[in-house]
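Contents: one structure, followed by commentary.
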There are 2 protein chains.
Amino acid sequence: MLPGVPREMRGIMTEELLPWLRSRTDHDRRVIRSLTLRLTGIAESQLPDLLGEHAEGVGSISLAYLPGQEGVDLRLTVRDARPEDADRTLVEAADTLRRRLGKHWYADGPTDLAEVVITACRASGRHLAVAESCTGGLLAARLTSVSGSSHAFVGGVVAYDNAVKIQQLQVDPKLLERVGAVSEEVARGMATGIRALMGTHIGVGITGVAGPDGGTPEKPVGLVWIAVDIDGTVVVYGGRFSGDRSEIRFRATQAALNMIRRQLLSVD
Amino acid sequence: MLPGVPREMRGIMTEELLPWLRSRTDHDRRVIRSLTLRLTGIAESQLPDLLGEHAEGVGSISLAYLPGQEGVDLRLTVRDARPEDADRTLVEAADTLRRRLGKHWYADGPTDLAEVVITACRASGRHLAVAESCTGGLLAARLTSVSGSSHAFVGGVVAYDNAVKIQQLQVDPKLLERVGAVSEEVARGMATGIRALMGTHIGVGITGVAGPDGGTPEKPVGLVWIAVDIDGTVVVYGGRFSGDRSEIRFRATQAALNMIRRQLLSVD
């Protein structure tokens, strides 16, 4: 047990306790080390089939499947290894697994998917803007939580009320009337509209039913439409996310970020 | 220990284990019960002076000071009481403390300040829109995380790039040039601009330096200007928030929400 509020405890741990413990271990010490591969767009239950003979581990490396709102984290652990062998073994196993995981792997832990997207935008010299209805600013908040995001992220519109979709994003009011706010057509209109409004290469539109109220038999709680317009090419996804209001909103932002990542990096 | 992922564990706990435990206690049972008062805009170290003779507790009620990003939670606990006495004692002590706490109390736990603001907007029949720079959508995301927020929250603009502040929010480019984006004048312009753009009663503008880069001696990391325009009356706050990028952003949203609350509810 260590004293202090979390920030102080972390300082005591990294600056005092760990160096002290290390100074007391001998040169023949054996270590436990881990590396985490972050996956999204795949369920924990689908992973064993995808990993085949590596589903339980790779050589002496064991695997832990850690599902969460962001997707599944795959933690590789090597035990009882010499320090100089541990990292090499982990890197080799991670390479083997990444080839199996394909498009589902987006980063090594603990990197957030938003950071991967900002990095990809910057690498391709593209600017990004977002138009959000049901996620209400959460996608913009995740993108701008990345330090240096201002080099790629220009801005966004939270179009909660339909009047904002019409007046700011130039979504056709007759279209809204005919197909409703939660629709493929309106998601497309929002993505293209925000791209035009902010003069960016990339525009994203998200519209859905976050619940707990507002669901109908045709448009149930959890239904979300996401459109990503990159240089005029629009990709659309419609699906139903599970969970409560907070989970549905977060999962919609994760799916949107993954769509941008896959289009920008041509990952299929 | 209970099996299951968190959601399943909660179901087992509330639907099976707690009723089973209750069925096995006799009628003379004594309970421990708590009630939490949520405070913001006051530091933990200032609370004892404010609470005076109640700083340690109220009668048999003990107090715990729980500081966090949102402010300080003050947890009242009654121990070894009959169930019928416990709640009455807690409510009486909470009334006594709330009178001392004044403007700093905003809700009983676990209510988020964003919910208090949405409720106050709805009660006063006012609509709300936000313009965010350094918080990058986080204020909109917190407001829209409240179920039913669409009755009060109309929309927002994430004005990360100065071009968005100029083109969408009608902030004067010469003003931006002269005083810089992080300034009282630009916060005012953003609040008034978003109110005009979205046709709402309330407009909020936030601009600041979230860090870790971008700070200068005149405008250090953590400096944030917040303006709240309600029916044409603008209140502005400028201050320096501590913490890392994530903490500075969150604390700025909390301060903005508290400004709206205090103006709408006339709490001084």
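Identifiers for the structure tokens are assigned positionally: chains receive A, B, ... in sequence, residues are indexed from 1 per chain, and ligands are indexed from 1 in the order shown.
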
- Which residues come within 10 Å of segment 215-223 of chain B, counting only C-alpha atoms, excluding same-chain residues fewer than 2 positions away, as a ChimeraX atom specification? /B:134,180,182-183,207-213,225,238-245,247-249,251-252

Can you write just those residues out, N, CA and C atoms, as a PDB file, in the first residue's frame?
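out13.pdb was written with the following content:
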```
ATOM      1  N   CYS B 134     -11.335  24.921 -27.021  1.00  0.00           N
ATOM      2  CA  CYS B 134     -10.411  23.976 -26.365  1.00  0.00           C
ATOM      3  C   CYS B 134     -11.113  22.726 -25.838  1.00  0.00           C
ATOM      4  N   GLY B 180      -6.176  37.695 -29.859  1.00  0.00           N
ATOM      5  CA  GLY B 180      -5.898  36.263 -29.856  1.00  0.00           C
ATOM      6  C   GLY B 180      -7.139  35.452 -29.531  1.00  0.00           C
ATOM      7  N   VAL B 182      -7.599  32.994 -27.444  1.00  0.00           N
ATOM      8  CA  VAL B 182      -7.855  32.742 -26.020  1.00  0.00           C
ATOM      9  C   VAL B 182      -7.934  34.089 -25.311  1.00  0.00           C
ATOM     10  N   SER B 183      -9.142  34.627 -25.230  1.00  0.00           N
ATOM     11  CA  SER B 183      -9.340  35.962 -24.673  1.00  0.00           C
ATOM     12  C   SER B 183     -10.794  36.115 -24.238  1.00  0.00           C
ATOM     13  N   THR B 207     -13.029  29.096 -24.768  1.00  0.00           N
ATOM     14  CA  THR B 207     -11.771  29.121 -25.506  1.00  0.00           C
ATOM     15  C   THR B 207     -10.625  29.109 -24.503  1.00  0.00           C
ATOM     16  N   GLY B 208      -9.611  28.288 -24.781  1.00  0.00           N
ATOM     17  CA  GLY B 208      -8.522  28.180 -23.810  1.00  0.00           C
ATOM     18  C   GLY B 208      -7.350  27.393 -24.355  1.00  0.00           C
ATOM     19  N   VAL B 209      -6.369  27.191 -23.494  1.00  0.00           N
ATOM     20  CA  VAL B 209      -5.163  26.447 -23.858  1.00  0.00           C
ATOM     21  C   VAL B 209      -5.171  25.138 -23.068  1.00  0.00           C
ATOM     22  N   ALA B 210      -5.542  24.034 -23.745  1.00  0.00           N
ATOM     23  CA  ALA B 210      -5.666  22.754 -23.042  1.00  0.00           C
ATOM     24  C   ALA B 210      -4.306  22.071 -22.873  1.00  0.00           C
ATOM     25  N   GLY B 211      -3.322  22.482 -23.661  1.00  0.00           N
ATOM     26  CA  GLY B 211      -1.988  21.900 -23.558  1.00  0.00           C
ATOM     27  C   GLY B 211      -1.903  20.510 -24.175  1.00  0.00           C
ATOM     28  N   PRO B 212      -0.797  19.810 -24.052  1.00  0.00           N
ATOM     29  CA  PRO B 212       0.406  20.243 -23.345  1.00  0.00           C
ATOM     30  C   PRO B 212       1.202  21.313 -24.107  1.00  0.00           C
ATOM     31  N   ASP B 213       0.943  21.464 -25.430  1.00  0.00           N
ATOM     32  CA  ASP B 213       1.653  22.490 -26.193  1.00  0.00           C
ATOM     33  C   ASP B 213       0.781  23.737 -26.306  1.00  0.00           C
ATOM     34  N   TRP B 225     -11.090  30.924 -21.004  1.00  0.00           N
ATOM     35  CA  TRP B 225     -12.142  31.952 -20.905  1.00  0.00           C
ATOM     36  C   TRP B 225     -13.485  31.322 -21.248  1.00  0.00           C
ATOM     37  N   GLY B 238     -12.701  34.048 -16.455  1.00  0.00           N
ATOM     38  CA  GLY B 238     -11.377  33.654 -16.948  1.00  0.00           C
ATOM     39  C   GLY B 238     -10.590  33.084 -15.801  1.00  0.00           C
ATOM     40  N   GLY B 239      -9.939  31.954 -16.023  1.00  0.00           N
ATOM     41  CA  GLY B 239      -9.184  31.355 -14.931  1.00  0.00           C
ATOM     42  C   GLY B 239      -8.225  30.326 -15.467  1.00  0.00           C
ATOM     43  N   ARG B 240      -7.377  29.847 -14.583  1.00  0.00           N
ATOM     44  CA  ARG B 240      -6.397  28.846 -14.990  1.00  0.00           C
ATOM     45  C   ARG B 240      -6.705  27.540 -14.282  1.00  0.00           C
ATOM     46  N   PHE B 241      -6.947  26.504 -15.068  1.00  0.00           N
ATOM     47  CA  PHE B 241      -7.259  25.189 -14.508  1.00  0.00           C
ATOM     48  C   PHE B 241      -5.994  24.349 -14.455  1.00  0.00           C
ATOM     49  N   SER B 242      -5.897  23.525 -13.430  1.00  0.00           N
ATOM     50  CA  SER B 242      -4.718  22.677 -13.270  1.00  0.00           C
ATOM     51  C   SER B 242      -4.984  21.288 -13.849  1.00  0.00           C
ATOM     52  N   GLY B 243      -3.921  20.530 -14.000  1.00  0.00           N
ATOM     53  CA  GLY B 243      -4.051  19.158 -14.467  1.00  0.00           C
ATOM     54  C   GLY B 243      -3.507  18.966 -15.872  1.00  0.00           C
ATOM     55  N   ASP B 244      -3.698  17.756 -16.397  1.00  0.00           N
ATOM     56  CA  ASP B 244      -3.257  17.467 -17.757  1.00  0.00           C
ATOM     57  C   ASP B 244      -4.344  17.904 -18.743  1.00  0.00           C
ATOM     58  N   ARG B 245      -4.096  17.663 -20.031  1.00  0.00           N
ATOM     59  CA  ARG B 245      -5.027  18.092 -21.085  1.00  0.00           C
ATOM     60  C   ARG B 245      -6.464  17.659 -20.797  1.00  0.00           C
ATOM     61  N   GLU B 247      -7.842  16.771 -17.923  1.00  0.00           N
ATOM     62  CA  GLU B 247      -8.392  17.401 -16.720  1.00  0.00           C
ATOM     63  C   GLU B 247      -8.755  18.864 -16.964  1.00  0.00           C
ATOM     64  N   ILE B 248      -7.901  19.573 -17.694  1.00  0.00           N
ATOM     65  CA  ILE B 248      -8.177  20.982 -17.994  1.00  0.00           C
ATOM     66  C   ILE B 248      -9.470  21.094 -18.803  1.00  0.00           C
ATOM     67  N   ARG B 249      -9.606  20.229 -19.817  1.00  0.00           N
ATOM     68  CA  ARG B 249     -10.815  20.259 -20.644  1.00  0.00           C
ATOM     69  C   ARG B 249     -12.057  19.953 -19.812  1.00  0.00           C
ATOM     70  N   ARG B 251     -12.503  20.186 -16.537  1.00  0.00           N
ATOM     71  CA  ARG B 251     -12.778  21.236 -15.540  1.00  0.00           C
ATOM     72  C   ARG B 251     -13.371  22.477 -16.189  1.00  0.00           C
ATOM     73  N   ALA B 252     -12.972  22.758 -17.427  1.00  0.00           N
ATOM     74  CA  ALA B 252     -13.557  23.901 -18.138  1.00  0.00           C
ATOM     75  C   ALA B 252     -15.048  23.654 -18.397  1.00  0.00           C
TER      76      ALA B 252
END
```

- Tell me, which residues of segment 69-251 of chain A carry DSSP helix (DSSP H, G or I), written as an MDAnalysis selection string? chainID A and resid 83:104 113:124 138:144 149:151 162:167 173:179 184:198 245:251

At most 6 Å to chain B: residues in chain A, only C-alpha atoms, as an mmCIF file with N, CA and C atoms, in the first residue's frame:
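The result, stored in selection_29.cif:
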```cif
data_model
loop_
_atom_site.group_PDB
_atom_site.id
_atom_site.type_symbol
_atom_site.label_atom_id
_atom_site.label_comp_id
_atom_site.auth_asym_id
_atom_site.auth_seq_id
_atom_site.Cartn_x
_atom_site.Cartn_y
_atom_site.Cartn_z
ATOM 1 N N GLY A 136 -23.778 13.625 -30.254
ATOM 2 C CA GLY A 136 -23.840 14.903 -29.540
ATOM 3 C C GLY A 136 -22.525 15.576 -29.178
ATOM 4 N N GLY A 137 -21.482 15.384 -29.970
ATOM 5 C CA GLY A 137 -20.213 16.042 -29.667
ATOM 6 C C GLY A 137 -19.148 15.080 -29.175
ATOM 7 N N LEU A 138 -19.550 13.825 -28.924
ATOM 8 C CA LEU A 138 -18.613 12.856 -28.352
ATOM 9 C C LEU A 138 -17.497 12.496 -29.337
ATOM 10 N N ALA A 140 -16.272 14.501 -31.734
ATOM 11 C CA ALA A 140 -15.365 15.659 -31.736
ATOM 12 C C ALA A 140 -14.529 15.672 -30.463
ATOM 13 N N ALA A 141 -15.153 15.366 -29.329
ATOM 14 C CA ALA A 141 -14.428 15.375 -28.050
ATOM 15 C C ALA A 141 -13.324 14.329 -28.043
ATOM 16 N N THR A 144 -10.494 15.594 -30.383
ATOM 17 C CA THR A 144 -9.735 16.726 -29.839
ATOM 18 C C THR A 144 -9.068 16.383 -28.509
ATOM 19 N N VAL A 154 -10.539 20.328 -37.909
ATOM 20 C CA VAL A 154 -10.899 21.727 -38.117
ATOM 21 C C VAL A 154 -12.052 22.146 -37.217
ATOM 22 N N GLY A 155 -13.089 21.316 -37.137
ATOM 23 C CA GLY A 155 -14.240 21.670 -36.315
ATOM 24 C C GLY A 155 -15.397 20.730 -36.549
ATOM 25 N N GLY A 156 -16.527 21.064 -35.924
ATOM 26 C CA GLY A 156 -17.685 20.202 -36.041
ATOM 27 C C GLY A 156 -18.967 20.950 -35.754
ATOM 28 N N VAL A 157 -20.071 20.311 -36.128
ATOM 29 C CA VAL A 157 -21.388 20.831 -35.779
ATOM 30 C C VAL A 157 -22.142 19.735 -35.056
ATOM 31 N N VAL A 158 -22.667 20.075 -33.882
ATOM 32 C CA VAL A 158 -23.565 19.161 -33.191
ATOM 33 C C VAL A 158 -24.968 19.530 -33.639
ATOM 34 N N ALA A 159 -25.524 18.701 -34.518
ATOM 35 C CA ALA A 159 -26.816 18.999 -35.138
ATOM 36 C C ALA A 159 -27.892 18.190 -34.432
ATOM 37 N N TYR A 160 -28.184 18.603 -33.198
ATOM 38 C CA TYR A 160 -29.123 17.818 -32.391
ATOM 39 C C TYR A 160 -30.542 18.055 -32.872
ATOM 40 N N ASP A 161 -30.862 19.325 -33.064
ATOM 41 C CA ASP A 161 -32.179 19.682 -33.566
ATOM 42 C C ASP A 161 -32.164 19.609 -35.100
#
```

Using only C-alpha atoms, which protein or nucleic acid residues come within 7 Å of Ala107 of chain A? Drop anything in the same chain fewer than 3 positions from it, and give the result as a CSV table (one decimal) with N, CA and C atoms, in the first residue's frame.
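As a result, out33.csv now contains:
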```
chain,number,residue,atom,x,y,z
A,37,LEU,N,-2.5,-5.9,-28.2
A,37,LEU,CA,-2.9,-5.5,-29.5
A,37,LEU,C,-4.4,-5.1,-29.4
A,38,ARG,N,-4.7,-3.9,-29.9
A,38,ARG,CA,-6.0,-3.4,-29.9
A,38,ARG,C,-6.8,-3.7,-31.1
A,111,THR,N,-2.9,3.0,-27.1
A,111,THR,CA,-3.3,4.1,-28.0
A,111,THR,C,-4.8,4.0,-28.3
```

- Query: Within 6 Å of segment 40-48 of chain B, counting only C-alpha atoms, which residues qualify if same-chain residues fewer than 5 places away don't, as a list of chain:residue names?
  - Reply: B:Ala55, B:Gly71, B:His104

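When atom CA of Leu101 of chain B is paired with atom CA of Asp268 of chain B, their separation reads 11.3 Å.
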
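When atom CA of Glu185 of chain B is paired with atom CA of Leu264 of chain B, their separation reads 22.4 Å.
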
- Message: Let's see if you can do this: from backbone DSSP, list all strand (DSSP E) residues in segment 52-134 of chain A, as a ChimeraX atom specification.
- Response: /A:57-58,61-68,71-81,105-108,128-132

Please dump the current selection as a compact mmCIF listing (two decimals), in the first residue's frame; keep N, CA, C and O atoms.
```
# COMPACT_ATOMS: atom_id res chain seq x y z
N GLY A 57 -2.39 -19.16 -27.77
CA GLY A 57 -1.11 -18.53 -27.53
C GLY A 57 -0.16 -18.78 -28.68
O GLY A 57 -0.49 -19.51 -29.63
N VAL A 58 1.00 -18.14 -28.62
CA VAL A 58 2.02 -18.32 -29.66
C VAL A 58 3.29 -18.78 -28.95
O VAL A 58 3.93 -17.99 -28.26
N ILE A 61 4.13 -17.65 -25.40
CA ILE A 61 3.32 -16.45 -25.13
C ILE A 61 1.88 -16.85 -24.87
O ILE A 61 1.27 -17.52 -25.70
N SER A 62 1.32 -16.41 -23.76
CA SER A 62 -0.10 -16.68 -23.50
C SER A 62 -0.94 -15.47 -23.90
O SER A 62 -0.44 -14.35 -23.95
N LEU A 63 -2.22 -15.72 -24.18
CA LEU A 63 -3.12 -14.66 -24.64
C LEU A 63 -4.26 -14.46 -23.66
O LEU A 63 -4.79 -15.42 -23.10
N ALA A 64 -4.66 -13.19 -23.46
CA ALA A 64 -5.88 -12.87 -22.72
C ALA A 64 -6.78 -12.04 -23.62
O ALA A 64 -6.31 -11.10 -24.25
N TYR A 65 -8.05 -12.42 -23.71
CA TYR A 65 -9.03 -11.68 -24.50
C TYR A 65 -9.75 -10.72 -23.56
O TYR A 65 -10.41 -11.16 -22.63
N LEU A 66 -9.62 -9.43 -23.83
CA LEU A 66 -10.18 -8.43 -22.92
C LEU A 66 -11.19 -7.56 -23.67
O LEU A 66 -10.83 -6.54 -24.26
N PRO A 67 -12.47 -7.97 -23.69
CA PRO A 67 -13.47 -7.21 -24.43
C PRO A 67 -13.89 -5.96 -23.66
O PRO A 67 -13.89 -5.93 -22.43
N GLY A 68 -14.22 -4.90 -24.39
CA GLY A 68 -14.68 -3.64 -23.79
C GLY A 68 -15.44 -2.84 -24.83
O GLY A 68 -15.67 -3.31 -25.94
N GLY A 71 -13.76 -2.38 -28.28
CA GLY A 71 -13.49 -3.55 -29.09
C GLY A 71 -12.93 -4.63 -28.18
O GLY A 71 -13.38 -4.80 -27.05
N VAL A 72 -11.93 -5.36 -28.66
CA VAL A 72 -11.29 -6.39 -27.84
C VAL A 72 -9.80 -6.09 -27.78
O VAL A 72 -9.17 -5.84 -28.82
N ASP A 73 -9.27 -6.07 -26.57
CA ASP A 73 -7.81 -5.98 -26.42
C ASP A 73 -7.26 -7.39 -26.29
O ASP A 73 -7.81 -8.21 -25.53
N LEU A 74 -6.22 -7.68 -27.03
CA LEU A 74 -5.59 -9.00 -26.99
C LEU A 74 -4.24 -8.82 -26.30
O LEU A 74 -3.33 -8.21 -26.86
N ARG A 75 -4.15 -9.34 -25.07
CA ARG A 75 -2.92 -9.12 -24.30
C ARG A 75 -2.01 -10.34 -24.39
O ARG A 75 -2.41 -11.45 -24.05
N LEU A 76 -0.81 -10.11 -24.88
CA LEU A 76 0.21 -11.16 -24.99
C LEU A 76 1.11 -11.06 -23.76
O LEU A 76 1.56 -9.98 -23.41
N THR A 77 1.37 -12.19 -23.11
CA THR A 77 2.22 -12.17 -21.93
C THR A 77 3.29 -13.24 -22.02
O THR A 77 3.00 -14.40 -22.36
N VAL A 78 4.52 -12.84 -21.74
CA VAL A 78 5.61 -13.80 -21.63
C VAL A 78 6.03 -13.86 -20.16
O VAL A 78 6.10 -12.82 -19.49
N ARG A 79 6.20 -15.05 -19.65
CA ARG A 79 6.53 -15.22 -18.23
C ARG A 79 7.87 -15.91 -18.08
O ARG A 79 8.26 -16.71 -18.93
N ASP A 80 8.54 -15.60 -16.96
CA ASP A 80 9.76 -16.30 -16.58
C ASP A 80 10.80 -16.26 -17.71
O ASP A 80 11.40 -17.28 -18.04
N ALA A 81 10.97 -15.07 -18.30
CA ALA A 81 11.94 -14.92 -19.39
C ALA A 81 13.06 -13.98 -18.96
O ALA A 81 12.88 -13.15 -18.07
N TRP A 105 -6.97 -5.17 -36.33
CA TRP A 105 -5.96 -4.55 -35.47
C TRP A 105 -5.80 -3.09 -35.84
O TRP A 105 -5.66 -2.75 -37.01
N TYR A 106 -5.86 -2.19 -34.82
CA TYR A 106 -5.66 -0.78 -35.15
C TYR A 106 -4.50 -0.13 -34.42
O TYR A 106 -4.02 0.93 -34.84
N ALA A 107 -4.05 -0.71 -33.32
CA ALA A 107 -2.92 -0.10 -32.61
C ALA A 107 -2.41 -1.06 -31.55
O ALA A 107 -3.10 -2.01 -31.16
N ASP A 108 -1.19 -0.81 -31.08
CA ASP A 108 -0.72 -1.47 -29.88
C ASP A 108 -1.16 -0.60 -28.70
O ASP A 108 -1.25 0.63 -28.82
N LEU A 128 -10.15 17.29 -41.37
CA LEU A 128 -11.34 16.53 -40.96
C LEU A 128 -12.35 17.44 -40.26
O LEU A 128 -11.96 18.31 -39.48
N ALA A 129 -13.64 17.21 -40.54
CA ALA A 129 -14.71 17.89 -39.79
C ALA A 129 -15.83 16.88 -39.56
O ALA A 129 -16.01 15.95 -40.36
N VAL A 130 -16.59 17.05 -38.47
CA VAL A 130 -17.62 16.07 -38.12
C VAL A 130 -18.97 16.74 -37.87
O VAL A 130 -19.04 17.84 -37.35
N ALA A 131 -20.04 16.03 -38.23
CA ALA A 131 -21.40 16.48 -37.96
C ALA A 131 -22.09 15.38 -37.16
O ALA A 131 -22.22 14.26 -37.63
N GLU A 132 -22.51 15.72 -35.96
CA GLU A 132 -23.03 14.69 -35.05
C GLU A 132 -24.45 14.99 -34.60
O GLU A 132 -24.76 16.10 -34.18
```
